[in-house]
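Asker: This is the content of structure-v7.txt (compact mmCIF, C-alpha atoms):
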# COMPACT_ATOMS: atom_id res chain seq x y z
CA MET A 1 13.45 -3.22 -7.63
CA SER A 2 10.11 -1.67 -8.11
CA PHE A 3 8.97 -0.02 -11.31
CA ALA A 4 8.93 3.40 -9.59
CA ILE A 5 12.59 3.18 -8.56
CA ILE A 6 13.69 2.01 -11.99
CA SER A 7 11.64 4.80 -13.60
CA ILE A 8 13.20 7.45 -11.37
CA TYR A 9 16.65 6.10 -12.20
CA PHE A 10 16.10 6.33 -15.97
CA VAL A 11 14.43 9.75 -15.78
CA SER A 12 17.42 10.99 -13.79
CA ILE A 13 19.88 9.65 -16.37
CA PHE A 14 17.86 11.23 -19.18
CA ALA A 15 17.67 14.60 -17.36
CA ALA A 16 21.43 14.55 -16.68
CA PHE A 17 22.07 13.78 -20.35
CA LEU A 18 19.79 16.63 -21.52
CA GLN A 19 21.51 19.10 -19.19
CA GLY A 20 25.01 17.94 -20.08
CA GLU A 21 25.65 16.86 -16.48
CA THR A 22 26.49 13.21 -17.05
CA ALA A 23 29.84 13.53 -15.25
CA ALA A 24 28.13 15.05 -12.19
CA ALA A 25 25.46 12.34 -12.28
CA GLY A 26 28.13 9.63 -12.44
CA ALA A 27 29.98 11.20 -9.51
CA ALA A 28 26.73 11.33 -7.53
CA VAL A 29 26.09 7.64 -8.22
CA LEU A 30 29.58 6.73 -6.99
CA GLU A 31 29.22 8.91 -3.88
CA GLY A 32 25.84 7.36 -3.15
CA THR A 33 27.34 3.90 -3.50
CA ARG A 34 30.17 4.79 -1.09
CA GLU A 35 27.68 6.14 1.46
CA ALA A 36 25.47 3.05 1.12
CA LEU A 37 28.48 0.78 1.71
CA ARG A 38 29.42 2.79 4.80
CA PHE A 39 25.88 2.97 6.14
CA ALA A 40 24.74 -0.64 5.48
CA PRO A 41 27.00 -2.38 8.06
CA GLU A 42 26.06 0.11 10.77
CA LEU A 43 22.38 -0.35 10.06
CA ALA A 44 22.78 -4.15 9.87
CA ALA A 45 24.50 -4.15 13.27
CA ALA A 46 21.69 -2.11 14.80
CA LEU A 47 19.10 -4.38 13.20
CA CYS A 48 20.87 -7.43 14.64
CA LEU A 49 20.93 -5.79 18.09
CA TRP A 50 17.20 -5.02 18.07
CA SER A 51 16.34 -8.41 16.60
CA ALA A 52 18.26 -10.02 19.45
CA ALA A 53 16.48 -7.76 21.94
CA GLY A 54 13.17 -8.79 20.41
CA GLU A 55 14.14 -12.45 20.68
CA LEU A 56 15.04 -11.95 24.37
CA LEU A 57 11.70 -10.22 24.97
CA GLU A 58 9.94 -13.12 23.29
CA ARG A 59 11.84 -15.80 25.20
CA GLY A 60 11.42 -13.88 28.45
CA GLY A 61 7.67 -13.76 27.99
CA ALA A 62 7.39 -9.99 27.48
CA ALA A 63 6.09 -10.37 23.93
CA GLU A 64 3.41 -12.82 25.10
CA ALA A 65 2.49 -10.49 27.97
CA LEU A 66 2.11 -7.61 25.52
CA SER A 67 0.02 -9.87 23.28
CA ARG A 68 -2.27 -10.73 26.22
CA LEU A 69 -2.66 -7.02 27.01
CA LEU A 70 -3.60 -6.34 23.39
CA ARG A 71 -6.22 -9.10 23.11
CA PRO A 72 -9.19 -7.19 24.66
CA PHE A 73 -8.45 -4.28 22.33
CA LEU A 74 -8.12 -6.66 19.38
CA ARG A 75 -11.43 -8.34 20.20
CA LEU A 76 -13.13 -4.96 19.78
CA LEU A 77 -11.42 -4.20 16.47
CA PHE A 78 -11.49 -7.72 15.05
CA PRO A 79 -14.64 -9.47 16.32
CA ARG A 80 -14.58 -12.14 13.59
CA GLY A 81 -10.82 -12.58 13.75
CA ALA A 82 -10.93 -12.91 17.55
CA ARG A 83 -13.17 -16.00 17.24
CA ASP A 84 -10.27 -17.86 15.63
CA ALA A 85 -7.43 -18.50 18.10
CA GLU A 86 -4.76 -18.76 15.38
CA THR A 87 -5.80 -15.49 13.75
CA LEU A 88 -6.02 -13.71 17.12
CA ALA A 89 -2.53 -14.95 18.03
CA ALA A 90 -1.15 -13.69 14.70
CA LEU A 91 -2.86 -10.31 15.17
CA SER A 92 -1.43 -10.01 18.68
CA GLU A 93 2.05 -11.00 17.57
CA ASN A 94 1.96 -8.62 14.60
CA LEU A 95 0.80 -5.60 16.57
CA GLY A 96 3.03 -6.40 19.55
CA ALA A 97 6.14 -6.57 17.35
CA ASN A 98 5.15 -3.33 15.63
CA MET A 99 4.69 -1.62 19.00
CA LEU A 100 8.23 -2.66 19.91
CA GLY A 101 9.46 -1.16 16.63
CA LEU A 102 10.36 -4.55 15.19
CA GLY A 103 8.65 -4.21 11.82
CA ASN A 104 10.69 -7.02 10.24
CA ALA A 105 9.59 -9.41 12.98
CA ALA A 106 5.98 -8.25 12.59
CA THR A 107 5.74 -9.08 8.90
CA PRO A 108 5.39 -12.90 9.10
CA ALA A 109 2.71 -12.59 11.79
CA GLY A 110 0.96 -9.92 9.72
CA ILE A 111 0.88 -12.26 6.73
CA ARG A 112 -0.60 -15.04 8.91
CA ALA A 113 -3.19 -12.57 10.27
CA VAL A 114 -4.16 -11.48 6.74
CA ARG A 115 -4.57 -15.10 5.66
CA GLY A 116 -6.69 -15.82 8.73
CA LEU A 117 -8.91 -12.78 8.15
CA GLN A 118 -9.30 -13.71 4.48
CA ARG A 119 -10.21 -17.27 5.41
CA LEU A 120 -12.86 -15.91 7.80
CA GLY A 121 -14.19 -13.52 5.16
CA ALA A 122 -13.48 -10.55 7.43
CA ARG A 123 -12.88 -8.01 4.66
CA PHE A 124 -13.58 -4.95 6.78
CA GLU A 125 -11.32 -6.22 9.55
CA LEU A 126 -8.59 -6.66 6.97
CA ASN A 127 -8.87 -2.93 6.24
CA THR A 128 -8.46 -2.25 9.95
CA LEU A 129 -5.32 -4.39 10.08
CA VAL A 130 -3.82 -2.46 7.17
CA VAL A 131 -4.55 0.83 8.98
CA LEU A 132 -2.99 -0.43 12.23
CA ASN A 133 0.15 -1.53 10.42
CA THR A 134 0.36 1.67 8.38
CA ALA A 135 -0.08 3.92 11.43
CA SER A 136 2.68 1.87 13.07
CA VAL A 137 1.98 2.67 16.70
CA GLN A 138 5.32 2.17 18.43
CA LEU A 139 6.29 2.22 22.08
CA LEU A 140 9.94 2.01 21.03
CA PRO A 141 10.84 3.33 17.56
CA THR A 142 13.85 1.02 17.35
CA THR A 143 14.30 1.01 13.58
CA ALA A 144 14.17 4.80 13.28
CA ALA A 145 16.48 5.14 16.29
CA SER A 146 18.88 2.64 14.73
CA ILE A 147 19.03 4.66 11.54
CA ARG A 148 19.54 7.89 13.51
CA GLY A 149 22.29 6.24 15.57
CA ALA A 150 24.02 4.90 12.46
CA LEU A 151 23.98 8.40 11.01
CA GLY A 152 25.64 9.85 14.11
CA SER A 153 22.77 11.07 16.30
CA ARG A 154 23.82 11.49 19.93
CA SER A 155 20.23 10.92 21.10
CA PRO A 156 18.65 8.54 18.62
CA PHE A 157 15.56 7.94 20.79
CA ASP A 158 14.73 11.61 21.34
CA ILE A 159 12.15 11.29 18.55
CA THR A 160 10.03 8.95 20.68
CA PRO A 161 7.42 11.53 21.86
CA ALA A 162 6.97 12.77 18.28
CA VAL A 163 6.57 9.17 17.08
CA TRP A 164 3.94 8.53 19.78
CA ILE A 165 1.95 11.63 18.85
CA SER A 166 2.15 11.20 15.08
CA SER A 167 1.31 7.50 15.16
CA ALA A 168 -1.61 8.07 17.58
CA LEU A 169 -3.01 10.77 15.28
CA ALA A 170 -2.50 8.56 12.21
CA LEU A 171 -4.20 5.67 14.00
CA ALA A 172 -7.18 7.79 15.03
CA ALA A 173 -7.60 9.20 11.53
CA GLY A 174 -7.18 5.80 9.90
CA LEU A 175 -9.61 3.98 12.19
CA THR A 176 -12.15 6.79 11.74
CA ALA A 177 -11.80 6.53 7.96
CA VAL A 178 -12.19 2.73 8.04
CA HIS A 179 -15.28 3.06 10.21
CA ILE A 180 -16.84 5.68 7.94
CA LEU A 181 -15.93 3.90 4.70
CA ASN A 182 -17.18 0.59 6.02
CA GLY A 183 -20.51 2.18 6.90
CA GLY A 184 -19.99 1.54 10.61
CA ARG A 185 -19.70 -2.22 10.05
CA SER A 186 -16.92 -4.28 11.53
How would this structure read if it were set down as structure tokens?
Answerer:
Amino acid sequence: MSFAIISIYFVSIFAAFLQGETAAAGAAVLEGTREALRFAPELAAALCLWSAAGELLERGGAAEALSRLLRPFLRLLFPRGARDAETLAALSENLGANMLGLGNAATPAGIRAVRGLQRLGARFELNTLVVLNTASVQLLPTTAASIRGALGSRSPFDITPAVWISSALALAAGLTAVHILNGGRS
């Protein structure tokens, strides 16, 4: 657990103690535990489904096709990284998996891309990669839809247009900031 989570936990216990609400805090902890135990298997099942779908897309060649479509765009954003085939492949895989909403599958490729960019000394391009991953441009928001479905949404993918708009705006703002902060250098 991170320091922030542990801190929040202890501050909450202290606040409940000061207010004389320790019984209510204990009941809330138990209720939260029950909800987590109910929610976790549903979310795990959805994650397994989308991981399998991602694997099928990869084996069927769709992930590679998406990676090929991304490469001209990536060459513009990562000119130094694009010179190294291994780094370009990792960048393509990372962004392709993120676009399919498979953030867990994108992480190993993102780590390989970061290592490749560091090896090439492409510090500014590393900033761009962080922005692209943070903006999380998604064609299919599978993780968010899985959570919505597990919580009982009848239309878990109805958030897709909002996800497209918000991630496009975040991407535009982030890339603009990187460009400005990097003094126009790539």
Asker: With all atoms listed in the file as the atoms that count, which of A:Ser155, A:Ala4, A:Ala36, A:Leu74 lies nearest to A:Leu129?
Answerer: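 Distance minimum relative to A:Leu129 lands on A:Leu74.
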Asker: Smallest atom-to-atom distance to A:Asn127: which of A:Ala177, A:Ala145, A:Met99, A:Ala15, using all atoms listed in the file?
Answerer: A:Ala177
Asker: Applying 12 Å and only C-alpha atoms, which residues near stretch 26-29 of chain A remain after dropping the ones on its own chain fewer than 6 positions away? List them as number ranges by chain.
Answerer: A: 9, 12-13, 16-17, 20, 35-36
Asker: With a distance cut-off of 7 Å and only C-alpha atoms, select the neighbouring residues of A:Leu91, excluding the residue or stretch itself and same-chain residues fewer than 5 positions from it, and output the selection as a PDB file with C-alpha atoms, in the coordinates of the input.
Answerer:
ATOM      1  CA  ALA A 109       2.710 -12.590  11.790  1.00  0.00           C
ATOM      2  CA  GLY A 110       0.960  -9.920   9.720  1.00  0.00           C
ATOM      3  CA  ALA A 113      -3.190 -12.570  10.270  1.00  0.00           C
TER       4      ALA A 113
END
Asker: Can you measure atom CA of A:Ser153 to atom CA of A:Ala106 for me? One decimal in Å is fine.
Answerer: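 Separating atom CA of A:Ser153 from atom CA of A:Ala106 is a distance of 25.9 Å.
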